[in-house]
file data_29.cif (mmCIF, C-alpha atoms and all ligand atoms)
data_target
#
loop_
_atom_site.label_atom_id
_atom_site.label_comp_id
_atom_site.auth_asym_id
_atom_site.auth_seq_id
_atom_site.Cartn_x
_atom_site.Cartn_y
_atom_site.Cartn_z
CA MET A 1 0.00 0.00 0.00
CA ALA A 2 1.40 3.38 -0.96
CA ARG A 3 0.51 6.63 0.58
CA ILE A 4 1.74 10.08 1.24
CA CYS A 5 0.15 11.76 4.20
CA PHE A 6 0.70 14.48 6.69
CA LEU A 7 1.74 14.24 10.30
CA ALA A 8 -1.15 16.54 11.17
CA LEU A 9 -3.59 13.90 9.88
CA LEU A 10 -1.91 11.19 11.92
CA VAL A 11 -2.00 12.94 15.26
CA GLY A 12 -4.95 15.28 14.77
CA VAL A 13 -2.88 18.36 15.48
CA CYS A 14 -0.91 20.58 13.16
CA THR A 15 2.74 20.01 13.99
CA SER A 16 4.33 21.17 10.77
CA GLY A 17 3.23 22.53 7.42
CA ARG A 18 6.02 20.78 5.48
CA ALA A 19 6.02 17.32 6.97
CA ALA A 20 4.86 15.06 4.14
CA ILE A 21 5.53 11.37 4.74
CA ILE A 22 6.41 8.78 2.11
CA GLN A 23 5.11 5.40 3.24
CA PHE A 24 5.06 2.05 1.46
CA SER A 25 4.14 -0.87 3.68
CA ASP A 26 4.53 -2.91 0.49
CA PHE A 27 4.66 -2.17 -3.24
CA SER A 28 1.20 -3.33 -4.30
CA SER A 29 1.08 0.24 -5.63
CA THR A 30 4.05 2.24 -6.86
CA GLU A 31 2.05 5.45 -7.20
CA GLY A 32 4.27 8.46 -6.62
CA LEU A 33 7.46 6.57 -7.47
CA GLN A 34 9.54 6.79 -10.62
CA LEU A 35 11.08 3.44 -11.54
CA ASN A 36 14.20 3.41 -13.71
CA GLY A 37 16.24 0.71 -15.43
CA GLU A 38 15.43 -2.77 -14.12
CA ALA A 39 13.33 -1.59 -11.15
CA VAL A 40 9.91 -3.27 -11.16
CA ALA A 41 7.24 -4.32 -8.67
CA VAL A 42 6.99 -8.12 -8.43
CA SER A 43 5.44 -10.73 -6.15
CA ALA A 44 7.91 -12.47 -3.82
CA THR A 45 7.84 -14.45 -0.60
CA GLU A 46 7.69 -11.14 1.32
CA GLY A 47 4.63 -9.98 -0.66
CA ARG A 48 4.59 -7.32 -3.35
CA VAL A 49 8.14 -5.95 -3.42
CA LEU A 50 10.19 -3.56 -5.51
CA ARG A 51 12.87 -5.58 -7.32
CA LEU A 52 15.79 -3.26 -8.02
CA THR A 53 17.86 -5.84 -9.92
CA PRO A 54 17.06 -9.32 -11.27
CA SER A 55 19.36 -12.22 -10.39
CA ASP A 56 20.31 -12.69 -14.04
CA PRO A 57 21.65 -11.82 -16.53
CA SER A 58 24.72 -9.89 -15.33
CA LEU A 59 25.48 -6.16 -15.37
CA LYS A 60 22.01 -4.82 -14.52
CA ARG A 61 21.00 -1.65 -12.68
CA GLY A 62 17.84 -0.04 -11.39
CA SER A 63 16.74 2.92 -9.33
CA VAL A 64 13.58 4.32 -7.81
CA PHE A 65 12.89 7.83 -6.56
CA TRP A 66 9.90 9.63 -5.09
CA GLU A 67 8.73 11.74 -8.03
CA ASN A 68 8.83 15.06 -6.15
CA ALA A 69 11.73 16.64 -4.29
CA VAL A 70 11.16 16.56 -0.52
CA ASP A 71 12.62 18.39 2.47
CA VAL A 72 15.90 16.79 3.59
CA THR A 73 17.06 19.30 6.23
CA VAL A 74 16.21 16.69 8.88
CA PHE A 75 14.70 13.25 8.30
CA ASN A 76 14.44 9.65 9.33
CA SER A 77 13.92 6.79 6.93
CA PHE A 78 13.18 3.15 7.70
CA PHE A 79 13.16 0.34 5.13
CA THR A 80 13.30 -3.43 4.88
CA PHE A 81 15.02 -5.44 2.18
CA SER A 82 15.99 -8.95 1.19
CA ILE A 83 18.63 -10.15 -1.25
CA THR A 84 19.12 -13.55 -2.85
CA THR A 85 22.22 -14.63 -4.69
CA PRO A 86 22.61 -17.55 -7.06
CA LYS A 87 25.79 -19.19 -5.85
CA ILE A 88 27.39 -19.13 -9.25
CA GLY A 89 29.88 -16.93 -11.02
CA PRO A 90 33.08 -15.23 -9.96
CA LYS A 91 34.33 -14.61 -6.42
CA ASP A 92 35.62 -11.34 -5.00
CA THR A 93 38.90 -10.80 -3.18
CA ASP A 94 37.34 -12.27 -0.03
CA GLY A 95 36.25 -15.38 -1.95
CA GLU A 96 32.56 -14.38 -1.76
CA GLN A 97 30.00 -14.64 -4.55
CA GLY A 98 26.99 -12.40 -5.13
CA ALA A 99 27.15 -8.74 -6.20
CA ASP A 100 27.06 -5.85 -6.09
CA GLY A 101 24.78 -3.94 -3.73
CA PHE A 102 22.37 -1.06 -3.38
CA ALA A 103 22.22 2.43 -1.89
CA PHE A 104 19.72 4.71 -0.18
CA VAL A 105 20.18 7.94 -2.12
CA VAL A 106 19.41 11.63 -1.50
CA GLN A 107 20.18 13.63 -4.64
CA SER A 108 19.51 16.87 -6.51
CA GLY A 109 20.97 15.87 -9.89
CA VAL A 110 19.83 17.26 -13.23
CA ASP A 111 18.05 14.01 -14.09
CA GLY A 112 15.84 14.36 -11.02
CA PRO A 113 13.82 11.22 -10.24
CA ALA A 114 15.18 9.57 -13.44
CA SER A 115 18.71 9.46 -12.03
CA LEU A 116 20.56 6.17 -12.45
CA GLY A 117 24.28 5.63 -12.01
CA SER A 118 26.62 2.98 -13.36
CA VAL A 119 26.48 -0.82 -13.10
CA GLY A 120 28.72 -3.16 -11.13
CA ASP A 121 30.73 -1.51 -8.37
CA GLY A 122 28.81 1.71 -9.13
CA LEU A 123 25.70 0.27 -7.40
CA GLY A 124 23.49 2.27 -9.77
CA TYR A 125 24.71 5.31 -7.80
CA LYS A 126 28.19 6.10 -9.19
CA GLY A 127 28.08 9.41 -11.05
CA VAL A 128 24.82 10.65 -9.50
CA GLN A 129 25.52 14.09 -8.04
CA PRO A 130 25.08 16.33 -6.15
CA SER A 131 24.16 13.65 -3.65
CA ALA A 132 24.76 11.65 -0.50
CA ALA A 133 24.08 7.94 -0.06
CA VAL A 134 24.27 4.98 2.28
CA GLU A 135 25.59 1.90 0.49
CA PHE A 136 24.88 -1.73 1.35
CA ASP A 137 27.77 -3.31 -0.53
CA PHE A 138 28.31 -7.08 -0.71
CA TRP A 139 31.15 -7.33 -3.22
CA GLN A 140 34.63 -6.25 -2.22
CA ASN A 141 36.21 -4.08 -4.93
CA VAL A 142 39.88 -3.64 -4.24
CA THR A 143 41.81 -4.77 -7.30
CA ASP A 144 39.02 -5.05 -9.93
CA ALA A 145 37.98 -1.48 -9.11
CA PRO A 146 40.04 0.75 -6.80
CA ASN A 147 37.22 1.42 -4.34
CA HIS A 148 38.97 0.58 -1.06
CA ASP A 149 36.02 -1.60 -0.03
CA PRO A 150 36.85 -2.73 3.53
CA SER A 151 35.18 -6.16 3.23
CA SER A 152 32.78 -8.34 1.26
CA ASN A 153 29.86 -7.03 3.31
CA HIS A 154 29.89 -3.44 4.47
CA LEU A 155 28.07 -0.15 4.90
CA GLY A 156 29.44 3.12 3.57
CA ILE A 157 28.31 6.73 3.62
CA LEU A 158 29.11 8.26 0.24
CA VAL A 159 29.02 11.74 -1.28
CA ASN A 160 28.49 12.98 -4.85
CA GLY A 161 28.32 9.63 -6.63
CA VAL A 162 31.85 8.57 -5.64
CA VAL A 163 32.03 4.90 -4.57
CA ASP A 164 35.78 4.90 -3.85
CA HIS A 165 36.13 5.23 -0.07
CA GLY A 166 39.74 6.34 -0.33
CA ALA A 167 42.82 5.26 1.61
CA GLY A 168 41.96 3.77 4.98
CA SER A 169 38.30 3.30 3.96
CA PRO A 170 36.85 6.04 6.20
CA TRP A 171 33.05 6.22 6.66
CA THR A 172 32.60 2.47 6.22
CA ALA A 173 31.56 -0.32 8.60
CA HIS A 174 31.88 -4.08 8.16
CA VAL A 175 28.69 -6.07 8.86
CA ALA A 176 29.29 -9.69 9.86
CA SER A 177 26.14 -11.35 8.48
CA PRO A 178 25.90 -11.23 4.68
CA PHE A 179 23.22 -8.90 3.29
CA ASP A 180 22.56 -11.44 0.48
CA ASP A 181 21.50 -14.25 2.85
CA ALA A 182 17.86 -14.20 1.56
CA GLY A 183 16.65 -13.12 5.00
CA LEU A 184 14.78 -9.94 5.87
CA TRP A 185 16.94 -6.97 6.88
CA TYR A 186 15.84 -3.79 8.70
CA ALA A 187 17.60 -0.47 8.10
CA TRP A 188 17.28 3.01 9.58
CA VAL A 189 18.86 6.16 8.14
CA ASP A 190 18.58 9.24 10.36
CA TYR A 191 19.72 12.80 9.68
CA ASP A 192 19.48 15.45 12.39
CA GLY A 193 20.78 18.32 10.27
CA THR A 194 24.44 17.70 11.05
CA THR A 195 25.13 13.94 11.16
CA LEU A 196 23.89 11.05 9.01
CA GLN A 197 23.49 7.78 10.91
CA VAL A 198 22.75 4.27 9.66
CA ARG A 199 21.56 1.25 11.63
CA VAL A 200 20.94 -2.22 10.26
CA ASN A 201 19.98 -5.59 11.72
CA GLN A 202 17.78 -8.67 11.28
CA THR A 203 15.72 -8.30 14.47
CA GLY A 204 13.74 -5.15 13.65
CA GLU A 205 14.53 -3.56 17.02
CA TYR A 206 15.94 -0.04 16.68
CA PRO A 207 19.55 -0.28 17.92
CA ALA A 208 20.73 2.23 20.50
CA GLN A 209 23.99 2.79 18.64
CA PRO A 210 24.40 3.34 14.89
CA ASN A 211 26.56 0.99 12.84
CA LEU A 212 28.01 4.03 11.10
CA SER A 213 27.70 7.81 11.21
CA ARG A 214 29.24 10.71 9.29
CA PRO A 215 29.00 14.48 9.79
CA LEU A 216 27.43 15.96 6.65
CA ASP A 217 26.04 19.35 5.66
CA LEU A 218 23.44 18.02 3.23
CA SER A 219 22.04 21.41 2.22
CA SER A 220 25.53 22.56 1.18
CA ILE A 221 26.27 19.30 -0.67
CA LEU A 222 22.93 19.37 -2.49
CA GLY A 223 22.92 23.14 -3.03
CA GLN A 224 19.35 23.28 -1.71
CA PRO A 225 17.25 22.07 1.25
CA THR A 226 15.21 19.62 -0.85
CA ALA A 227 16.14 16.52 -2.84
CA TYR A 228 14.89 13.38 -4.57
CA VAL A 229 15.01 10.42 -2.19
CA GLY A 230 15.07 6.76 -3.16
CA PHE A 231 17.26 3.80 -3.95
CA ALA A 232 19.71 2.56 -6.59
CA ALA A 233 21.20 -0.90 -7.13
CA ALA A 234 23.36 -2.84 -9.56
CA THR A 235 24.87 -6.18 -10.38
CA GLY A 236 28.13 -6.89 -12.18
CA SER A 237 29.67 -10.18 -13.22
CA GLY A 238 28.43 -11.32 -9.82
CA LEU A 239 24.65 -11.60 -9.46
CA ALA A 240 21.89 -10.79 -6.98
CA GLU A 241 18.15 -10.21 -6.85
CA GLN A 242 17.79 -7.11 -4.66
CA ARG A 243 14.32 -6.48 -3.23
CA LEU A 244 13.03 -3.46 -1.36
CA VAL A 245 10.19 -4.79 0.83
CA SER A 246 8.95 -1.63 2.55
CA TRP A 247 9.93 2.02 2.90
CA THR A 248 9.05 5.00 5.06
CA TYR A 249 10.55 8.49 4.83
CA VAL A 250 9.65 11.13 7.40
CA PRO A 251 11.12 14.67 7.22
CA GLU A 252 11.33 14.93 11.00
CA PRO A 253 13.92 13.80 13.56
CA ALA A 254 13.64 10.15 14.57
CA SER A 255 12.68 11.24 18.09
CA MET A 256 9.68 13.17 16.71
CA THR A 257 8.48 10.12 14.75
CA MET A 258 8.72 7.95 17.90
CA LEU A 259 6.65 10.55 19.78
CA LEU A 260 3.99 10.67 17.03
CA ILE A 261 3.71 6.87 16.92
CA LEU A 262 3.21 6.91 20.69
CA MET A 263 0.53 9.64 20.41
CA VAL A 264 -1.35 7.67 17.73
CA ALA A 265 -1.21 4.53 19.90
CA MET A 266 -2.57 6.47 22.88
CA ARG A 267 -5.44 7.86 20.77
CA HIS A 268 -6.39 4.32 19.75
CA VAL A 269 -6.40 3.23 23.39
CA ARG A 270 -8.48 6.26 24.41
CA HIS A 271 -11.07 5.65 21.66
CA ARG A 272 -11.43 1.93 22.24
CA PRO A 273 -15.04 1.10 23.37
CA ARG A 274 -15.33 -0.14 26.92
CA PRO A 275 -16.55 -3.72 27.34
CA ALA A 276 -20.23 -4.01 28.39
CA CA B 301 29.20 -10.99 -2.27
CA CA B 302 31.70 -3.17 -3.87
#

call {"tool": "encode", "arguments": {"input": "data_29.cif", "output": "structure tokens"}}
result
Amino acid sequence: MARICFLALLVGVCTSGRAAIIQFSDFSSTEGLQLNGEAVAVSATEGRVLRLTPSDPSLKRGSVFWENAVDVTVFNSFFTFSITTPKIGPKDTDGEQGADGFAFVVQSGVDGPASLGSVGDGLGYKGVQPSAAVEFDFWQNVTDAPNHDPSSNHLGILVNGVVDHGAGSPWTAHVASPFDDAGLWYAWVDYDGTTLQVRVNQTGEYPAQPNLSRPLDLSSILGQPTAYVGFAAATGSGLAEQRLVSWTYVPEPASMTMLLILMVAMRHVRHRPRPA
């Protein structure tokens, strides 16, 4: 179910005139989204999902963006994904199969919601700028592409379509369990106006500490306080079916969203009929 709504409607009070929410509990509708490249809504074990790349043939890419630019001065975004990998094909420098990965992307590029970067190590994000992104990368590019990937399964916070982390691989974090294990993953990306944080796990409980954070002045990077938000993904000679299962984007601090959820829950309790 797709919907864009307003916090004021959720809580019954006007908290903000700009706070439009993007919410997809599944992708039975893709209304409001622009799908590019290989991105397509399909039925999967998780329900109606957004498949960003198919598991074959090789060298595919896809992206999806909300069709209108939204406020990105502060936000929190929560999404779930699952990735399957046919255990065939080449192995990376860590001896792991499956490739390449995807990214949550905030961008103000000239192609707008049609933006789509390069295949393979580019994750469908390389070259998209001005931008910032959080990558979920499960192919280690060290010698085949000089990206300084720290491991075969890592997070990275990227800027301006550059997927090379540089010497020492700053702004990356290794994640022990492989993203392409076919299980459901939960991810949170929070921006408080000064620092971008990312959390990921397979329990669905919001972790106290982020896996990775990076100070960023998004408005300066983007050249404006609004941007197109969405996802990009790619495969290379290694393969993977990458599925976005759900997605919520709220242009408010994470703490505000928690408070609003609590207020909605309390309203439901208050309005529940008393037993006879
Ligand atoms: Ca891999
Ligand atoms: Ca990589």

call {"tool": "closest_residue", "arguments": {"input": "data_29.cif", "among": "A:Leu216, A:Val198, A:Leu123, A:Ala173", "to": "ligand CA 302 (chain B)", "atoms": "all atoms listed in the file"}}
result
A:Leu123

call {"tool": "atom_distance", "arguments": {"input": "data_29.cif", "atom1": "atom CA of Asp181 of chain A", "atom2": "atom CA of Gly236 of chain A"}}
result
18.0 Å

call {"tool": "residues_around", "arguments": {"input": "data_29.cif", "residues": "segment 127-133 of chain A", "least_positions_apart": "6", "cutoff": "10 Å", "atoms": "all atoms listed in the file", "output": "JSON, numbers by chain"}}
result
{"A": [102, 103, 104, 105, 106, 107, 108, 109, 110, 111, 112, 115, 116, 117, 118, 156, 157, 158, 159, 160, 161, 162, 163, 189, 196, 216, 217, 218, 219, 220, 221, 222, 223, 227, 228, 229, 230, 231, 232]}

call {"tool": "closest_atom_pairs", "arguments": {"input": "data_29.cif", "of": "chain A", "to": "ligand CA 301 (chain B)", "cutoff": "6 Å", "atoms": "only C-alpha atoms and all ligand atoms", "output": "JSON lines"}}
result
{"residue": "A:Glu96", "atom": "CA", "partner": "B:CA301", "partner_atom": "CA", "distance": 4.8}
{"residue": "A:Gln97", "atom": "CA", "partner": "B:CA301", "partner_atom": "CA", "distance": 4.4}
{"residue": "A:Gly98", "atom": "CA", "partner": "B:CA301", "partner_atom": "CA", "distance": 3.9}
{"residue": "A:Ala99", "atom": "CA", "partner": "B:CA301", "partner_atom": "CA", "distance": 5.0}
{"residue": "A:Phe138", "atom": "CA", "partner": "B:CA301", "partner_atom": "CA", "distance": 4.3}
{"residue": "A:Trp139", "atom": "CA", "partner": "B:CA301", "partner_atom": "CA", "distance": 4.3}
{"residue": "A:Ser152", "atom": "CA", "partner": "B:CA301", "partner_atom": "CA", "distance": 5.7}

call {"tool": "residues_near_ligand", "arguments": {"input": "data_29.cif", "ligand": "ligand CA 302 (chain B)", "cutoff": "9 Å", "atoms": "all atoms listed in the file", "output": "list of chain:residue names"}}
result
A:Ala99, A:Asp100, A:Gly101, A:Gly120, A:Asp121, A:Gly122, A:Leu123, A:Phe136, A:Asp137, A:Phe138, A:Trp139, A:Gln140, A:Asn141, A:Val142, A:Ala145, A:Asn147, A:His148, A:Asp149, A:Ser151, A:Ser152, A:Asn153, A:His154, A:Val163

call {"tool": "closest_residue", "arguments": {"input": "data_29.cif", "among": "A:Arg243, A:Arg214, A:His165, A:Arg199", "to": "Leu184 of chain A", "atoms": "all atoms listed in the file"}}
result
A:Arg243

call {"tool": "atom_distance", "arguments": {"input": "data_29.cif", "atom1": "atom CA of Pro54 of chain A", "atom2": "atom CA of His174 of chain A"}}
result
25.0 Å

call {"tool": "atom_distance", "arguments": {"input": "data_29.cif", "atom1": "atom CA of Asn68 of chain A", "atom2": "atom CA of Pro210 of chain A"}}
result
28.7 Å
